[in-house]
Amino acid sequence: MTHLLYLSIISANDLRHGRVIYLDKSGNWTHELSQAALAHSEQQAQSLLLAAQQMKQAVNPYLVEVTLGEDAVPRPIHLREIHRGHGPTVGPAAA
Amino acid sequence: MYRYDEFDDDFVARRVETFRDQVRRRLSGDLTEEEFKPLRLQNGLYLQLHAYMLRVAIPYGSLNSAQMRQLAKIADRWDRGTGHFTTRQNIQFNWISLIDTPDILAALAEVGMHAIQTSGNCIRNVVADHLAGAADDEIEDPRPTAELLRQWSTDHPEFSFLPRKFKIAVSGGQVDRAATRIHDIGLRIVKNASDQIGYKVYAGGGLGRAPVVAELVREYLPKDQLLPFIQAILRVYNIEGRRDNLHKARIKFLIKSIGIDSFRNKVEETFASLLQHNGDRALVAPAEFQRIQNHFRTPTFFPPGDRQAYHDATNTDPGFRRWTETNLHAHKAPGYTIVTISLKPPGGVPGDADSRQMRAIADLAETYGHDELRISQDQNVILPHVQIEHLPAIYEVLRSHDLHSANGGQITDIVACPGMDYCSLATARSIPVSQALSKHFSDSVRVGKIGDFRIKVSGCINSCAHHHVADIGILGLEKSGRESYQITLGGHSAEDLTIGERAGPGVEADEVVPAVERLVDAYLALRDGPDESFRTTYRRLGQAPFKSVLYSEKKGRHVA
């Protein structure tokens, strides 16, 4: 599949609690996928990733490939990241 | 129950404080994640998709009511009120914070528990027959052997950095209830021609990407030679096992590579050398084994009491009667039985228990069960010593806590790993599939008609749910951005352990239930009477009739 548009965001787990976090436009970490900063090129993504890796409160930041919905909210492409973004579909957290 | 002595208490307490300091240094930035990861894993702390997960060891699946209550307390105070019992007889807490972990480990230590060697390339928590010490067919209680191995392997300097993780199982019954032949080492307690108790030793079993049934290494090993023989197996593996390829590092690949005869010769040579160099010091001294065995004395059983309430409940309560038909197992003592507490309600998460349920189970163990509990590899809880006249009272407590499912060993007693709802290694979800199946087969009459039937659902090829050894095994994978489920048929985990055969292409998530339904219908139509198990029918007829119904629905969507 050819991706006409390169889009990615930065995700990690927060060090103290392990919760899913995303790098936002202000360079801070957020739990909201919708607030994640978009990288529109590989160069921009690498730059954001480098910055994220210097932040001590994040464990193993990495790039997550996304598309944009009509609402302009990033949507991860891979199942794993979709589930990370939404949380478990079962159990006490899903209630 | 094994009780920690001062040495054990001191060892665990020091480990807690060491980890507390390691966490402090990680939070302050003195340790990088790369440096810290192996340290947290040595203490059972994983970083999963949504949070840290703490895996707590329940050695050989045995615990008492105080320990179960402490697990409930941990669930309430530091998790979201729930724990997940695993196929390795452990418990996992899915919503742990790193900052809380030292306090949780300290709380575990208060009741003689820990999370040591529940991760990493070491000898993992030893598993055993969940009916240990109670089953009517037992040759010897496997728990003293498992405890001996636990003590010997804890922080063993030679085996703390093996090529890969290493799993040992011990079964003491006439029937293998510990799935010994899917473990790196499987020990069957046996008697020789002179009626002496020893071990039949298997090695090289495992599931995962390349499922292998363990090979026989020694037909009979005298009991006092256990540790040097296990040491010999591990030494050969430690030296010759691959370290260059994570996926080829388990002992099964070494045995496959050099052949079982060569492996056996190397083990026997190493074993002879250990005996030669160490003499009697290499052996397990009878006094030492006895010291451990003293912790596992059979409780003093009471004489049978008045069973009128039991007979009344059997005659008037169909739910109770059905439960006694499926969730009890023969006990070695007259008037006693073994109860399986199902953690598999219709639509529930297999293996999950909330804190309220854990406390109820603890109360039952204390009141009616000689304060003993076991966790099974099927993710259920066992009351190993129950007087038959107490069954109605126990059932009422279970019913009021939604723990009364009458499905031990039945099609709804589904085993499932956490899958992609929690696990960072998963490639698809497994829990929703098991929930859909247990809801679909909720008609108890039909379930009874189907009889013994095992479904196991794994969320990735690592096979934590043991899907290879189920009548119907389901493996979740991601294909082109969608969940796809491969189906294997004809596996079995007990005496005649068999790896199931893959039926063909995977099916999409919403096709799993109809596909299983067609397979079950075919089994009911094809079996030679109600006593013929699925695996017997499958072996008699082969895969063809089942495969034809599995893929018969044109509307079924397959994923290559």
# chains A, B, ... in the order shown; residues from 1 in each chain; ligands from 1
call {"tool": "residues_around", "arguments": {"residues": "B:Arg502", "least_positions_apart": "6", "cutoff": "9 Å", "atoms": "only C-alpha atoms", "output": "short mmCIF file (atom, residue, chain, number, x, y, z; two decimals) with all heavy atoms, in the first residue's frame"}}
result
data_model
loop_
_atom_site.label_atom_id
_atom_site.label_comp_id
_atom_site.auth_asym_id
_atom_site.auth_seq_id
_atom_site.Cartn_x
_atom_site.Cartn_y
_atom_site.Cartn_z
N HIS B 468 -2.39 -24.91 21.56
CA HIS B 468 -1.96 -26.10 20.81
C HIS B 468 -2.49 -27.39 21.43
O HIS B 468 -2.53 -28.42 20.77
CB HIS B 468 -0.43 -26.20 20.78
CG HIS B 468 0.24 -25.11 20.00
ND1 HIS B 468 0.12 -24.98 18.65
CD2 HIS B 468 1.06 -24.10 20.40
CE1 HIS B 468 0.83 -23.94 18.23
NE2 HIS B 468 1.41 -23.39 19.28
N GLY B 473 -8.24 -25.16 19.47
CA GLY B 473 -7.32 -24.09 19.83
C GLY B 473 -7.52 -22.91 18.90
O GLY B 473 -7.74 -23.09 17.70
N GLN B 486 -6.68 -18.26 13.75
CA GLN B 486 -6.38 -19.60 13.23
C GLN B 486 -6.94 -20.64 14.19
O GLN B 486 -6.87 -20.47 15.40
CB GLN B 486 -4.86 -19.81 13.18
CG GLN B 486 -4.20 -19.29 11.95
CD GLN B 486 -2.70 -19.58 11.98
OE1 GLN B 486 -2.20 -20.30 12.83
NE2 GLN B 486 -2.01 -18.99 11.04
N ILE B 487 -7.44 -21.70 13.63
CA ILE B 487 -8.03 -22.75 14.45
C ILE B 487 -7.22 -24.04 14.33
O ILE B 487 -6.88 -24.46 13.22
CB ILE B 487 -9.51 -22.97 14.05
CG1 ILE B 487 -10.30 -21.71 14.44
CG2 ILE B 487 -10.09 -24.22 14.71
CD1 ILE B 487 -11.73 -21.70 14.08
N THR B 488 -6.88 -24.61 15.49
CA THR B 488 -6.22 -25.91 15.51
C THR B 488 -7.16 -26.91 16.16
O THR B 488 -7.96 -26.56 17.03
CB THR B 488 -4.89 -25.88 16.29
OG1 THR B 488 -5.14 -25.47 17.63
CG2 THR B 488 -3.90 -24.94 15.66
N LEU B 489 -7.04 -28.14 15.74
CA LEU B 489 -7.97 -29.17 16.19
C LEU B 489 -7.23 -30.39 16.74
O LEU B 489 -6.15 -30.75 16.25
CB LEU B 489 -8.86 -29.62 15.02
CG LEU B 489 -9.74 -28.54 14.37
CD1 LEU B 489 -10.39 -29.08 13.10
CD2 LEU B 489 -10.80 -28.06 15.35
#
call {"tool": "interface_residues", "arguments": {"of": "chain B", "to": "chain A", "cutoff": "9 Å", "atoms": "only C-alpha atoms", "output": "number ranges by chain"}}
result
B: 26-29, 32-33, 47-53, 80-82, 95-100, 348-349, 352, 420-422, 424, 426-429, 431-432, 478, 480-483
call {"tool": "write_last_selection", "arguments": {"atoms": "N, CA and C atoms", "output": "CSV table (one decimal), in the first residue's frame"}}
result
chain,number,residue,atom,x,y,z
B,26,ARG,N,15.8,4.8,39.4
B,26,ARG,CA,15.1,5.0,38.1
B,26,ARG,C,14.3,6.2,38.0
B,27,LEU,N,13.6,6.5,39.1
B,27,LEU,CA,12.7,7.7,39.1
B,27,LEU,C,13.6,9.0,39.1
B,28,SER,N,14.7,8.9,39.7
B,28,SER,CA,15.6,10.1,39.8
B,28,SER,C,16.4,10.3,38.5
B,29,GLY,N,16.4,9.3,37.6
B,29,GLY,CA,17.1,9.4,36.4
B,29,GLY,C,18.5,8.8,36.5
B,32,THR,N,18.9,4.3,33.6
B,32,THR,CA,18.1,4.4,32.3
B,32,THR,C,17.2,3.3,32.3
B,33,GLU,N,16.2,3.3,31.3
B,33,GLU,CA,15.3,2.2,31.2
B,33,GLU,C,16.0,1.0,30.8
B,47,LEU,N,6.2,-3.9,31.6
B,47,LEU,CA,5.5,-2.8,31.1
B,47,LEU,C,4.7,-3.2,29.9
B,48,GLN,N,3.4,-3.2,30.1
B,48,GLN,CA,2.4,-3.7,29.1
B,48,GLN,C,1.9,-2.5,28.3
B,49,LEU,N,0.8,-2.8,27.6
B,49,LEU,CA,0.2,-1.8,26.7
B,49,LEU,C,-0.2,-0.5,27.4
B,50,HIS,N,-0.9,-0.7,28.5
B,50,HIS,CA,-1.6,0.4,29.2
B,50,HIS,C,-1.0,0.8,30.6
B,51,ALA,N,-0.2,-0.1,31.1
B,51,ALA,CA,0.3,0.1,32.5
B,51,ALA,C,1.4,-0.9,32.8
B,52,TYR,N,2.0,-0.8,34.0
B,52,TYR,CA,2.9,-1.9,34.4
B,52,TYR,C,2.0,-3.0,34.8
B,53,MET,N,2.5,-4.2,34.7
B,53,MET,CA,1.8,-5.4,35.1
B,53,MET,C,2.8,-6.2,36.1
B,80,ARG,N,-7.1,-2.2,40.1
B,80,ARG,CA,-8.5,-1.8,39.9
B,80,ARG,C,-9.5,-2.8,40.5
B,81,GLY,N,-9.0,-3.5,41.5
B,81,GLY,CA,-9.9,-4.4,42.2
B,81,GLY,C,-10.0,-5.8,41.7
B,82,THR,N,-9.1,-6.1,40.7
B,82,THR,CA,-9.2,-7.4,40.1
B,82,THR,C,-7.8,-8.0,39.9
B,95,TRP,N,-2.9,-3.2,36.4
B,95,TRP,CA,-2.9,-1.7,36.5
B,95,TRP,C,-2.0,-1.2,37.6
B,96,ILE,N,-0.7,-1.7,37.6
B,96,ILE,CA,0.2,-1.3,38.6
B,96,ILE,C,1.0,-0.1,38.3
B,97,SER,N,1.3,0.7,39.3
B,97,SER,CA,2.2,1.9,39.0
B,97,SER,C,3.6,1.5,39.6
B,98,LEU,N,4.6,2.0,38.9
B,98,LEU,CA,6.0,1.7,39.3
B,98,LEU,C,6.2,2.2,40.7
B,99,ILE,N,5.7,3.4,41.0
B,99,ILE,CA,6.0,4.0,42.3
B,99,ILE,C,5.4,3.2,43.4
B,100,ASP,N,4.4,2.4,43.2
B,100,ASP,CA,3.8,1.6,44.2
B,100,ASP,C,4.4,0.2,44.4
B,348,GLY,N,-17.7,-13.9,31.0
B,348,GLY,CA,-16.6,-13.3,31.9
B,348,GLY,C,-15.3,-13.4,31.3
B,349,VAL,N,-14.3,-12.8,32.0
B,349,VAL,CA,-12.9,-12.8,31.6
B,349,VAL,C,-12.3,-14.1,32.2
B,352,ASP,N,-10.1,-14.2,35.7
B,352,ASP,CA,-10.2,-13.0,36.5
B,352,ASP,C,-11.0,-13.2,37.8
B,420,MET,N,-4.5,-8.9,23.3
B,420,MET,CA,-4.2,-7.5,23.0
B,420,MET,C,-4.9,-6.5,23.8
B,421,ASP,N,-5.8,-6.9,24.7
B,421,ASP,CA,-6.4,-6.0,25.6
B,421,ASP,C,-5.4,-5.5,26.7
B,422,TYR,N,-4.4,-6.3,26.9
B,422,TYR,CA,-3.3,-5.9,27.9
B,422,TYR,C,-1.9,-6.1,27.5
B,424,SER,N,1.7,-6.6,25.7
B,424,SER,CA,2.4,-5.9,24.7
B,424,SER,C,2.9,-6.8,23.5
B,426,ALA,N,1.0,-9.2,22.2
B,426,ALA,CA,-0.2,-9.8,21.5
B,426,ALA,C,-0.3,-9.3,20.1
B,427,THR,N,-0.9,-10.1,19.3
B,427,THR,CA,-1.2,-9.7,17.9
B,427,THR,C,-2.7,-9.6,17.7
B,428,ALA,N,-3.5,-10.0,18.6
B,428,ALA,CA,-5.0,-9.9,18.5
B,428,ALA,C,-5.6,-10.1,19.9
B,429,ARG,N,-6.8,-9.7,20.1
B,429,ARG,CA,-7.5,-9.9,21.4
B,429,ARG,C,-7.9,-11.4,21.5
B,431,ILE,N,-9.5,-12.3,24.9
B,431,ILE,CA,-10.6,-12.3,25.9
B,431,ILE,C,-12.0,-12.1,25.2
B,432,PRO,N,-12.2,-11.1,24.3
B,432,PRO,CA,-13.5,-11.0,23.7
B,432,PRO,C,-14.0,-12.3,23.0
B,478,GLU,N,-2.7,-10.7,13.6
B,478,GLU,CA,-3.2,-9.5,12.9
B,478,GLU,C,-2.8,-9.8,11.4
B,480,SER,N,-3.4,-7.9,7.8
B,480,SER,CA,-3.8,-6.7,7.0
B,480,SER,C,-4.6,-5.8,7.9
B,481,GLY,N,-4.2,-5.6,9.1
B,481,GLY,CA,-4.8,-4.6,10.0
B,481,GLY,C,-6.1,-5.1,10.6
B,482,ARG,N,-6.4,-6.4,10.5
B,482,ARG,CA,-7.6,-7.0,11.1
B,482,ARG,C,-7.2,-8.2,11.9
B,483,GLU,N,-8.1,-8.5,12.9
B,483,GLU,CA,-7.8,-9.6,13.7
B,483,GLU,C,-8.3,-10.9,13.0
call {"tool": "residues_around", "arguments": {"residues": "A:Gln46", "least_positions_apart": "4", "cutoff": "10 Å", "atoms": "only C-alpha atoms", "output": "mmCIF file with N, CA and C atoms, in the first residue's frame"}}
result
data_model
loop_
_atom_site.group_PDB
_atom_site.id
_atom_site.type_symbol
_atom_site.label_atom_id
_atom_site.label_comp_id
_atom_site.auth_asym_id
_atom_site.auth_seq_id
_atom_site.Cartn_x
_atom_site.Cartn_y
_atom_site.Cartn_z
ATOM 1 N N ILE A 10 4.173 10.613 18.247
ATOM 2 C CA ILE A 10 5.104 9.989 19.187
ATOM 3 C C ILE A 10 4.306 9.468 20.375
ATOM 4 N N ALA A 39 3.544 14.590 12.970
ATOM 5 C CA ALA A 39 4.749 14.806 12.172
ATOM 6 C C ALA A 39 4.379 14.523 10.719
ATOM 7 N N SER A 41 6.506 14.640 8.117
ATOM 8 C CA SER A 41 7.602 14.104 7.315
ATOM 9 C C SER A 41 8.476 13.238 8.211
ATOM 10 N N GLU A 42 9.249 12.399 7.601
ATOM 11 C CA GLU A 42 10.142 11.550 8.391
ATOM 12 C C GLU A 42 11.140 12.402 9.160
ATOM 13 N N LEU A 50 13.594 12.517 18.774
ATOM 14 C CA LEU A 50 14.839 12.848 19.478
ATOM 15 C C LEU A 50 14.542 13.683 20.722
ATOM 16 N N ALA A 51 13.647 14.634 20.563
ATOM 17 C CA ALA A 51 13.277 15.477 21.710
ATOM 18 C C ALA A 51 12.594 14.645 22.792
ATOM 19 N N ALA A 52 11.726 13.743 22.355
ATOM 20 C CA ALA A 52 10.986 12.914 23.319
ATOM 21 C C ALA A 52 11.928 12.010 24.100
ATOM 22 N N TYR A 62 8.424 6.166 20.832
ATOM 23 C CA TYR A 62 8.574 5.614 19.484
ATOM 24 C C TYR A 62 7.526 6.246 18.571
ATOM 25 N N LEU A 63 7.741 6.040 17.270
ATOM 26 C CA LEU A 63 6.835 6.618 16.270
ATOM 27 C C LEU A 63 5.643 5.697 16.037
#
call {"tool": "closest_atom_pairs", "arguments": {"of": "stretch 465-490 of chain B", "to": "stretch 188-208 of chain B", "cutoff": "10 Å", "atoms": "only C-alpha atoms", "output": "Markdown table"}}
result
| residue | atom | partner | partner_atom | distance |
| --- | --- | --- | --- | --- |
| B:Ala465 | CA | B:Leu207 | CA | 9.8 |
| B:His466 | CA | B:Leu207 | CA | 7.0 |
| B:His467 | CA | B:Leu207 | CA | 8.7 |
| B:His468 | CA | B:Leu207 | CA | 7.0 |
| B:Val469 | CA | B:Leu207 | CA | 8.8 |
call {"tool": "write_last_selection", "arguments": {"atoms": "N, CA and C atoms", "output": "PDB file, in the first residue's frame"}}
result
ATOM      1  N   ALA B 465      -1.978 -19.300  26.352  1.00  0.00           N
ATOM      2  CA  ALA B 465      -3.219 -20.015  26.689  1.00  0.00           C
ATOM      3  C   ALA B 465      -3.150 -21.494  26.307  1.00  0.00           C
ATOM      4  N   HIS B 466      -1.990 -21.931  25.803  1.00  0.00           N
ATOM      5  CA  HIS B 466      -1.797 -23.354  25.465  1.00  0.00           C
ATOM      6  C   HIS B 466      -2.787 -23.823  24.392  1.00  0.00           C
ATOM      7  N   HIS B 467      -3.031 -22.978  23.390  1.00  0.00           N
ATOM      8  CA  HIS B 467      -4.053 -23.335  22.403  1.00  0.00           C
ATOM      9  C   HIS B 467      -3.689 -24.577  21.595  1.00  0.00           C
ATOM     10  N   HIS B 468      -2.386 -24.905  21.560  1.00  0.00           N
ATOM     11  CA  HIS B 468      -1.965 -26.100  20.808  1.00  0.00           C
ATOM     12  C   HIS B 468      -2.487 -27.394  21.433  1.00  0.00           C
ATOM     13  N   VAL B 469      -2.803 -27.352  22.733  1.00  0.00           N
ATOM     14  CA  VAL B 469      -3.206 -28.593  23.413  1.00  0.00           C
ATOM     15  C   VAL B 469      -4.664 -28.510  23.875  1.00  0.00           C
TER      16      VAL B 469
END
call {"tool": "select_by_dssp", "arguments": {"residues": "stretch 6-90 of chain A", "states": "strand (DSSP E)", "output": "list of chain:residue names"}}
result
A:Ser8, A:Ile9, A:Ile10, A:Ser11, A:Ala12, A:Asn13, A:Asp14, A:Val20, A:Ile21, A:Tyr22, A:Leu23, A:Trp29, A:Thr30, A:Ala58, A:Val59, A:Asn60, A:Pro61, A:Tyr62, A:Leu63, A:Val64, A:Glu65, A:Val66, A:Thr67, A:Leu68, A:Pro74, A:Arg75, A:Pro76
call {"tool": "residues_around", "arguments": {"residues": "B:Leu187", "least_positions_apart": "5", "cutoff": "12 Å", "atoms": "only C-alpha atoms", "output": "number ranges by chain"}}
result
B: 126-129, 142-143, 145-146, 149, 167-173, 176-182, 198-205, 214-221, 223, 226, 229-230
call {"tool": "select_by_dssp", "arguments": {"residues": "stretch 226-466 of chain B", "states": "alpha helix (DSSP H)", "output": "MDAnalysis selection string"}}
result
chainID B and resid 226:240 251:258 260:278 286:293 308:316 318:326 355:368 391:400 431:440 444:450
call {"tool": "closest_residue", "arguments": {"among": "A:Asp24, A:Trp29, A:Glu70, A:Ala36", "to": "A:Met55", "atoms": "only C-alpha atoms"}}
result
A:Trp29
call {"tool": "residues_around", "arguments": {"residues": "B:Tyr310", "least_positions_apart": "3", "cutoff": "7 Å", "atoms": "only C-alpha atoms", "output": "PyMOL selection string"}}
result
chain B and resi 307+313-314+389+391-392
call {"tool": "write_last_selection", "arguments": {"atoms": "N, CA, C and O atoms", "output": "PDB file, in the first residue's frame"}}
result
ATOM      1  N   ARG B 307     -25.226 -35.879  56.036  1.00  0.00           N
ATOM      2  CA  ARG B 307     -25.290 -35.421  54.642  1.00  0.00           C
ATOM      3  C   ARG B 307     -26.715 -35.113  54.172  1.00  0.00           C
ATOM      4  O   ARG B 307     -26.957 -35.036  52.968  1.00  0.00           O
ATOM      5  N   ALA B 313     -30.272 -30.888  48.714  1.00  0.00           N
ATOM      6  CA  ALA B 313     -29.898 -29.937  47.663  1.00  0.00           C
ATOM      7  C   ALA B 313     -29.764 -30.647  46.320  1.00  0.00           C
ATOM      8  O   ALA B 313     -30.160 -30.126  45.273  1.00  0.00           O
ATOM      9  N   THR B 314     -29.216 -31.853  46.339  1.00  0.00           N
ATOM     10  CA  THR B 314     -29.062 -32.618  45.098  1.00  0.00           C
ATOM     11  C   THR B 314     -30.421 -32.917  44.479  1.00  0.00           C
ATOM     12  O   THR B 314     -30.586 -32.867  43.251  1.00  0.00           O
ATOM     13  N   GLU B 389     -20.530 -33.046  53.015  1.00  0.00           N
ATOM     14  CA  GLU B 389     -21.718 -32.433  53.627  1.00  0.00           C
ATOM     15  C   GLU B 389     -21.669 -30.903  53.604  1.00  0.00           C
ATOM     16  O   GLU B 389     -22.683 -30.239  53.812  1.00  0.00           O
ATOM     17  N   LEU B 391     -20.856 -29.150  50.946  1.00  0.00           N
ATOM     18  CA  LEU B 391     -21.001 -28.652  49.568  1.00  0.00           C
ATOM     19  C   LEU B 391     -22.172 -27.682  49.393  1.00  0.00           C
ATOM     20  O   LEU B 391     -22.020 -26.655  48.718  1.00  0.00           O
ATOM     21  N   PRO B 392     -23.360 -27.939  49.976  1.00  0.00           N
ATOM     22  CA  PRO B 392     -24.453 -26.964  49.775  1.00  0.00           C
ATOM     23  C   PRO B 392     -24.108 -25.575  50.310  1.00  0.00           C
ATOM     24  O   PRO B 392     -24.397 -24.565  49.658  1.00  0.00           O
TER      25      PRO B 392
END
call {"tool": "atom_distance", "arguments": {"atom1": "atom CA of B:Gly500", "atom2": "atom CA of B:Asp521"}}
result
19.1 Å
call {"tool": "atom_distance", "arguments": {"atom1": "atom CA of B:Arg264", "atom2": "atom CA of B:Ala232"}}
result
10.1 Å
call {"tool": "residues_around", "arguments": {"residues": "B:Pro38", "least_positions_apart": "4", "cutoff": "12 Å", "atoms": "only C-alpha atoms", "output": "list of chain:residue names"}}
result
B:Phe19, B:Gln22, B:Leu31, B:Thr32, B:Glu33, B:Glu34, B:Gln42, B:Asn43, B:Gly44, B:Leu45, B:Tyr46, B:Leu47, B:Gln117, B:Ser119, B:Gly120, B:Asn121, B:Cys122, B:Ser160, B:Phe161
call {"tool": "closest_residue", "arguments": {"among": "A:Leu49, A:Gln44, A:Gly27, A:Ser34", "to": "A:Thr67", "atoms": "only C-alpha atoms"}}
result
A:Ser34
call {"tool": "residues_around", "arguments": {"residues": "B:Asp471", "least_positions_apart": "4", "cutoff": "6 Å", "atoms": "only C-alpha atoms", "output": "VMD selection string"}}
result
chain B and resid 454 489 to 491
call {"tool": "write_last_selection", "arguments": {"atoms": "N, CA and C atoms", "output": "mmCIF file, in the first residue's frame"}}
result
data_model
loop_
_atom_site.group_PDB
_atom_site.id
_atom_site.type_symbol
_atom_site.label_atom_id
_atom_site.label_comp_id
_atom_site.auth_asym_id
_atom_site.auth_seq_id
_atom_site.Cartn_x
_atom_site.Cartn_y
_atom_site.Cartn_z
ATOM 1 N N ARG B 454 -12.386 -28.884 25.554
ATOM 2 C CA ARG B 454 -11.523 -27.782 25.931
ATOM 3 C C ARG B 454 -11.273 -26.840 24.765
ATOM 4 N N LEU B 489 -7.037 -28.142 15.738
ATOM 5 C CA LEU B 489 -7.971 -29.175 16.192
ATOM 6 C C LEU B 489 -7.229 -30.394 16.735
ATOM 7 N N GLY B 490 -7.825 -31.018 17.732
ATOM 8 C CA GLY B 490 -7.346 -32.328 18.172
ATOM 9 C C GLY B 490 -6.204 -32.321 19.163
ATOM 10 N N GLY B 491 -5.895 -31.177 19.767
ATOM 11 C CA GLY B 491 -4.830 -31.153 20.765
ATOM 12 C C GLY B 491 -5.324 -31.652 22.110
#
call {"tool": "closest_residue", "arguments": {"among": "B:Met1, B:Ile461, B:Ala210, B:Ala287", "to": "B:Leu477", "atoms": "only C-alpha atoms"}}
result
B:Ile461
